[in-house]
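Okay, work.cif now, which holds mmCIF, C-alpha atoms, pLDDT in the B column; chains and numbers go by the auth columns:
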```cif
data_target
#
loop_
_atom_site.group_PDB
_atom_site.id
_atom_site.type_symbol
_atom_site.label_atom_id
_atom_site.label_comp_id
_atom_site.label_asym_id
_atom_site.label_seq_id
_atom_site.Cartn_x
_atom_site.Cartn_y
_atom_site.Cartn_z
_atom_site.B_iso_or_equiv
_atom_site.auth_seq_id
_atom_site.auth_asym_id
ATOM 1 C CA MET A 1 -14.938 32.526 -32.003 77.00 519 A
ATOM 2 C CA ASP A 2 -16.649 35.212 -34.054 83.00 520 A
ATOM 3 C CA LYS A 3 -18.184 37.008 -31.068 81.00 521 A
ATOM 4 C CA ASP A 4 -20.302 39.173 -33.413 87.00 522 A
ATOM 5 C CA SER A 5 -22.032 36.215 -35.037 92.00 523 A
ATOM 6 C CA PRO A 6 -25.628 35.900 -33.823 94.00 524 A
ATOM 7 C CA ILE A 7 -25.417 32.181 -34.624 94.00 525 A
ATOM 8 C CA ALA A 8 -22.805 31.618 -31.885 91.00 526 A
ATOM 9 C CA ALA A 9 -24.529 33.703 -29.207 90.00 527 A
ATOM 10 C CA GLY A 10 -24.362 31.916 -25.860 87.00 528 A
ATOM 11 C CA MET A 11 -22.026 29.152 -27.057 86.00 529 A
ATOM 12 C CA PRO A 12 -19.702 27.705 -24.424 81.00 530 A
ATOM 13 C CA VAL A 13 -16.111 28.930 -24.601 76.00 531 A
ATOM 14 C CA GLN A 14 -14.853 25.349 -24.680 78.00 532 A
ATOM 15 C CA ILE A 15 -16.503 22.276 -26.151 81.00 533 A
ATOM 16 C CA TYR A 16 -15.175 18.783 -25.552 79.00 534 A
ATOM 17 C CA ASP A 17 -15.715 17.024 -28.874 81.00 535 A
ATOM 18 C CA GLU A 18 -13.802 15.585 -31.806 79.00 536 A
ATOM 19 C CA ALA A 19 -12.144 18.215 -34.002 78.00 537 A
ATOM 20 C CA PHE A 20 -11.328 17.870 -37.686 75.00 538 A
ATOM 21 C CA PHE A 21 -8.179 19.220 -39.260 72.00 539 A
ATOM 22 C CA LYS A 22 -7.790 17.606 -42.697 71.00 540 A
ATOM 23 C CA LEU A 23 -10.282 19.849 -44.453 70.00 541 A
ATOM 24 C CA ASN A 24 -9.924 22.025 -47.509 64.00 542 A
ATOM 25 C CA PHE A 25 -11.998 25.191 -47.299 66.00 543 A
ATOM 26 C CA ALA A 26 -13.327 27.453 -49.966 67.00 544 A
ATOM 27 C CA PRO A 27 -11.747 30.858 -49.362 71.00 545 A
ATOM 28 C CA GLU A 28 -15.202 32.362 -48.889 82.00 546 A
ATOM 29 C CA VAL A 29 -16.139 30.465 -45.712 88.00 547 A
ATOM 30 C CA HIS A 30 -16.809 32.649 -42.701 91.00 548 A
ATOM 31 C CA PRO A 31 -15.422 30.882 -39.601 90.00 549 A
ATOM 32 C CA ILE A 32 -17.627 31.202 -36.535 91.00 550 A
ATOM 33 C CA LEU A 33 -15.868 28.767 -34.168 89.00 551 A
ATOM 34 C CA SER A 34 -12.337 27.471 -34.626 86.00 552 A
ATOM 35 C CA VAL A 35 -9.973 25.205 -32.770 86.00 553 A
ATOM 36 C CA THR A 36 -6.205 25.217 -32.501 86.00 554 A
ATOM 37 C CA MET A 37 -5.375 21.552 -32.843 86.00 555 A
ATOM 38 C CA PRO A 38 -3.825 20.133 -29.676 85.00 556 A
ATOM 39 C CA ASP A 39 -0.858 17.800 -29.685 88.00 557 A
ATOM 40 C CA THR A 40 -2.635 14.445 -29.969 85.00 558 A
ATOM 41 C CA PRO A 41 -1.454 11.217 -31.612 86.00 559 A
ATOM 42 C CA SER A 42 -3.794 11.629 -34.595 82.00 560 A
ATOM 43 C CA ALA A 43 -2.932 15.319 -35.069 82.00 561 A
ATOM 44 C CA ARG A 44 0.778 14.435 -34.860 86.00 562 A
ATOM 45 C CA LYS A 45 0.327 11.657 -37.412 85.00 563 A
ATOM 46 C CA GLY A 46 -1.679 13.875 -39.769 79.00 564 A
ATOM 47 C CA GLY A 47 0.413 17.005 -39.347 79.00 565 A
ATOM 48 C CA GLY A 48 -2.330 19.113 -37.771 80.00 566 A
ATOM 49 C CA VAL A 49 -0.748 20.083 -34.438 87.00 567 A
ATOM 50 C CA GLY A 50 -1.003 23.825 -33.874 88.00 568 A
ATOM 51 C CA GLN A 51 -3.181 24.558 -36.923 85.00 569 A
ATOM 52 C CA THR A 52 -6.225 26.748 -36.331 85.00 570 A
ATOM 53 C CA ILE A 53 -9.124 25.089 -38.129 84.00 571 A
ATOM 54 C CA PRO A 54 -12.760 26.249 -38.421 86.00 572 A
ATOM 55 C CA GLN A 55 -15.256 23.883 -36.797 87.00 573 A
ATOM 56 C CA MET A 56 -18.384 25.988 -37.413 90.00 574 A
ATOM 57 C CA TRP A 57 -18.783 28.255 -40.418 92.00 575 A
ATOM 58 C CA THR A 58 -21.147 29.834 -42.896 94.00 576 A
ATOM 59 C CA TYR A 59 -20.732 29.944 -46.642 93.00 577 A
ATOM 60 C CA GLU A 60 -22.524 32.076 -49.192 92.00 578 A
ATOM 61 C CA HIS A 61 -22.145 31.718 -52.935 90.00 579 A
ATOM 62 C CA THR A 62 -24.014 32.124 -56.197 90.00 580 A
ATOM 63 C CA LEU A 63 -25.342 29.112 -58.074 91.00 581 A
ATOM 64 C CA PRO A 64 -25.086 28.849 -61.838 93.00 582 A
ATOM 65 C CA GLY A 65 -27.824 31.074 -63.162 94.00 583 A
ATOM 66 C CA GLY A 66 -27.341 33.667 -60.430 93.00 584 A
ATOM 67 C CA ALA A 67 -29.414 32.302 -57.523 92.00 585 A
ATOM 68 C CA PRO A 68 -27.811 32.989 -54.116 93.00 586 A
ATOM 69 C CA ALA A 69 -27.194 30.003 -51.844 94.00 587 A
ATOM 70 C CA ARG A 70 -26.175 29.579 -48.213 94.00 588 A
ATOM 71 C CA ALA A 71 -24.713 26.783 -46.123 94.00 589 A
ATOM 72 C CA PHE A 72 -24.163 26.439 -42.381 95.00 590 A
ATOM 73 C CA VAL A 73 -21.720 23.798 -41.101 91.00 591 A
ATOM 74 C CA TRP A 74 -20.871 22.523 -37.641 90.00 592 A
ATOM 75 C CA MET A 75 -18.273 19.758 -37.594 86.00 593 A
ATOM 76 C CA GLN A 76 -18.892 18.741 -33.977 83.00 594 A
ATOM 77 C CA GLY A 77 -21.611 16.614 -32.461 79.00 595 A
ATOM 78 C CA HIS A 78 -19.785 13.337 -31.998 81.00 596 A
ATOM 79 C CA MET A 79 -20.184 13.493 -28.235 82.00 597 A
ATOM 80 C CA VAL A 80 -23.766 13.195 -26.976 84.00 598 A
ATOM 81 C CA ASP A 81 -23.095 15.909 -24.381 83.00 599 A
ATOM 82 C CA SER A 82 -22.538 18.421 -27.187 83.00 600 A
ATOM 83 C CA LEU A 83 -25.916 17.742 -28.746 85.00 601 A
ATOM 84 C CA GLN A 84 -27.650 17.851 -25.359 88.00 602 A
ATOM 85 C CA ASP A 85 -26.264 21.301 -24.469 89.00 603 A
ATOM 86 C CA PRO A 86 -29.134 23.838 -24.796 91.00 604 A
ATOM 87 C CA ALA A 87 -26.714 26.588 -25.937 90.00 605 A
ATOM 88 C CA ILE A 88 -25.421 24.357 -28.733 90.00 606 A
ATOM 89 C CA GLN A 89 -28.950 23.304 -29.704 92.00 607 A
ATOM 90 C CA LYS A 90 -29.906 26.968 -30.055 94.00 608 A
ATOM 91 C CA ALA A 91 -26.796 27.680 -32.144 94.00 609 A
ATOM 92 C CA MET A 92 -27.764 24.837 -34.498 94.00 610 A
ATOM 93 C CA LEU A 93 -31.294 26.231 -34.858 96.00 611 A
ATOM 94 C CA ARG A 94 -29.943 29.737 -35.512 96.00 612 A
ATOM 95 C CA GLY A 95 -27.574 28.345 -38.146 96.00 613 A
ATOM 96 C CA ILE A 96 -30.403 26.463 -39.858 96.00 614 A
ATOM 97 C CA ALA A 97 -32.581 29.593 -39.855 97.00 615 A
ATOM 98 C CA TRP A 98 -29.702 31.668 -41.277 96.00 616 A
ATOM 99 C CA ALA A 99 -29.104 29.133 -44.071 96.00 617 A
ATOM 100 C CA GLY A 100 -32.832 29.243 -44.851 96.00 618 A
ATOM 101 C CA LYS A 101 -32.622 33.043 -45.143 95.00 619 A
ATOM 102 C CA LYS A 102 -34.907 33.532 -42.156 95.00 620 A
ATOM 103 C CA PRO A 103 -34.288 35.696 -39.093 95.00 621 A
ATOM 104 C CA VAL A 104 -31.710 33.824 -36.998 95.00 622 A
ATOM 105 C CA THR A 105 -34.042 33.658 -34.002 95.00 623 A
ATOM 106 C CA GLU A 106 -36.993 32.326 -35.998 94.00 624 A
ATOM 107 C CA LEU A 107 -36.591 28.771 -34.663 95.00 625 A
ATOM 108 C CA THR A 108 -35.278 29.558 -31.176 94.00 626 A
ATOM 109 C CA ASP A 109 -38.059 32.043 -30.422 93.00 627 A
ATOM 110 C CA TYR A 110 -40.846 30.046 -32.043 90.00 628 A
ATOM 111 C CA VAL A 111 -44.084 29.910 -30.087 89.00 629 A
ATOM 112 C CA ALA A 112 -46.663 27.405 -31.284 87.00 630 A
ATOM 113 C CA PRO A 113 -50.105 28.825 -31.981 89.00 631 A
ATOM 114 C CA PRO A 114 -52.877 27.831 -29.577 89.00 632 A
ATOM 115 C CA PRO A 115 -54.804 24.708 -30.538 89.00 633 A
ATOM 116 C CA ARG A 116 -57.788 25.339 -32.742 85.00 634 A
ATOM 117 C CA ALA A 117 -61.137 25.179 -31.022 81.00 635 A
ATOM 118 C CA SER A 118 -63.399 22.279 -31.986 78.00 636 A
ATOM 119 C CA ARG A 119 -66.261 23.004 -34.258 73.00 637 A
ATOM 120 C CA PRO A 120 -69.560 23.324 -32.319 69.00 638 A
ATOM 121 C CA ASP A 121 -71.201 20.549 -34.324 65.00 639 A
ATOM 122 C CA GLN A 122 -68.633 17.934 -33.231 58.00 640 A
#
```
Would you write the structure of this file as structure tokens?
Amino acid sequence: MDKDSPIAAGMPVQIYDEAFFKLNFAPEVHPILSVTMPDTPSARKGGGVGQTIPQMWTYEHTLPGGAPARAFVWMQGHMVDSLQDPAIQKAMLRGIAWAGKKPVTELTDYVAPPPRASRPDQ
């Protein structure tokens, strides 16, 4: 885990979910969470046993014409428990805010404004 990444703050040390290992990455991805593939039948069959593979990462690049672009990726979420974990939910919101070029806590610290008062003539 990239312990300095504000996106991963508060993430559990271990997540029980499906991991992916047959991925080709652009060299510019910044891994935030990775997994060392365990010895499972599918990893044995696909040749992934022992590989350390990013499961959450950020990617920044420049579009044709010079506009900067960002992407945030989390490969997990196949197990309902993962998506119901408040720490993981917050990490997803921080990743979305980061990709949108907003402060990473913009969505996790959001406080709705008070309801507007009714007009006196209603």
My list of candidates is A:Gly595, A:Met555, A:Ile571, A:Arg588. Which is closest to A:Lys619 when distances are computed with all atoms listed in the file? A:Arg588
With all atoms listed in the file as the counted atoms, please give the residues lying no more than 7 Å from A:Phe590, apart from itself and same-chain residues fewer than 3 positions off, as a list in words.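 Contacts, with the query itself left out: Trp575, Thr576, Tyr577, Gly613, Ile614 and Ala617 of chain A.
Put simply, atom CA of A:Ala615 is 22.9 Å away from atom CA of A:Pro545.
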Provide an axis-aligned box for all listed atoms of stretch 605-624 of chain A, padding each side by 5 Å; report its centre and its edge lengths in Å to one decimal, as AutoDock Vina command-line options.
```
--center_x -31.2 --center_y 29.5 --center_z -35.5 --size_x 21.6 --size_y 22.4 --size_z 29.2
```
Please work out which residues fall within 7 Å of (-12.5, 32.2, -34.1), coordinates as given in the file, with only C-alpha atoms counting, and return them as number ranges by chain. A: 519-520, 549-552
Which of A:Val567, A:Ile606, A:Leu601, A:Ala587 sits closest to A:Gly618 [using only C-alpha atoms]: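 For A:Gly618, the nearest of the given residues is A:Ala587.
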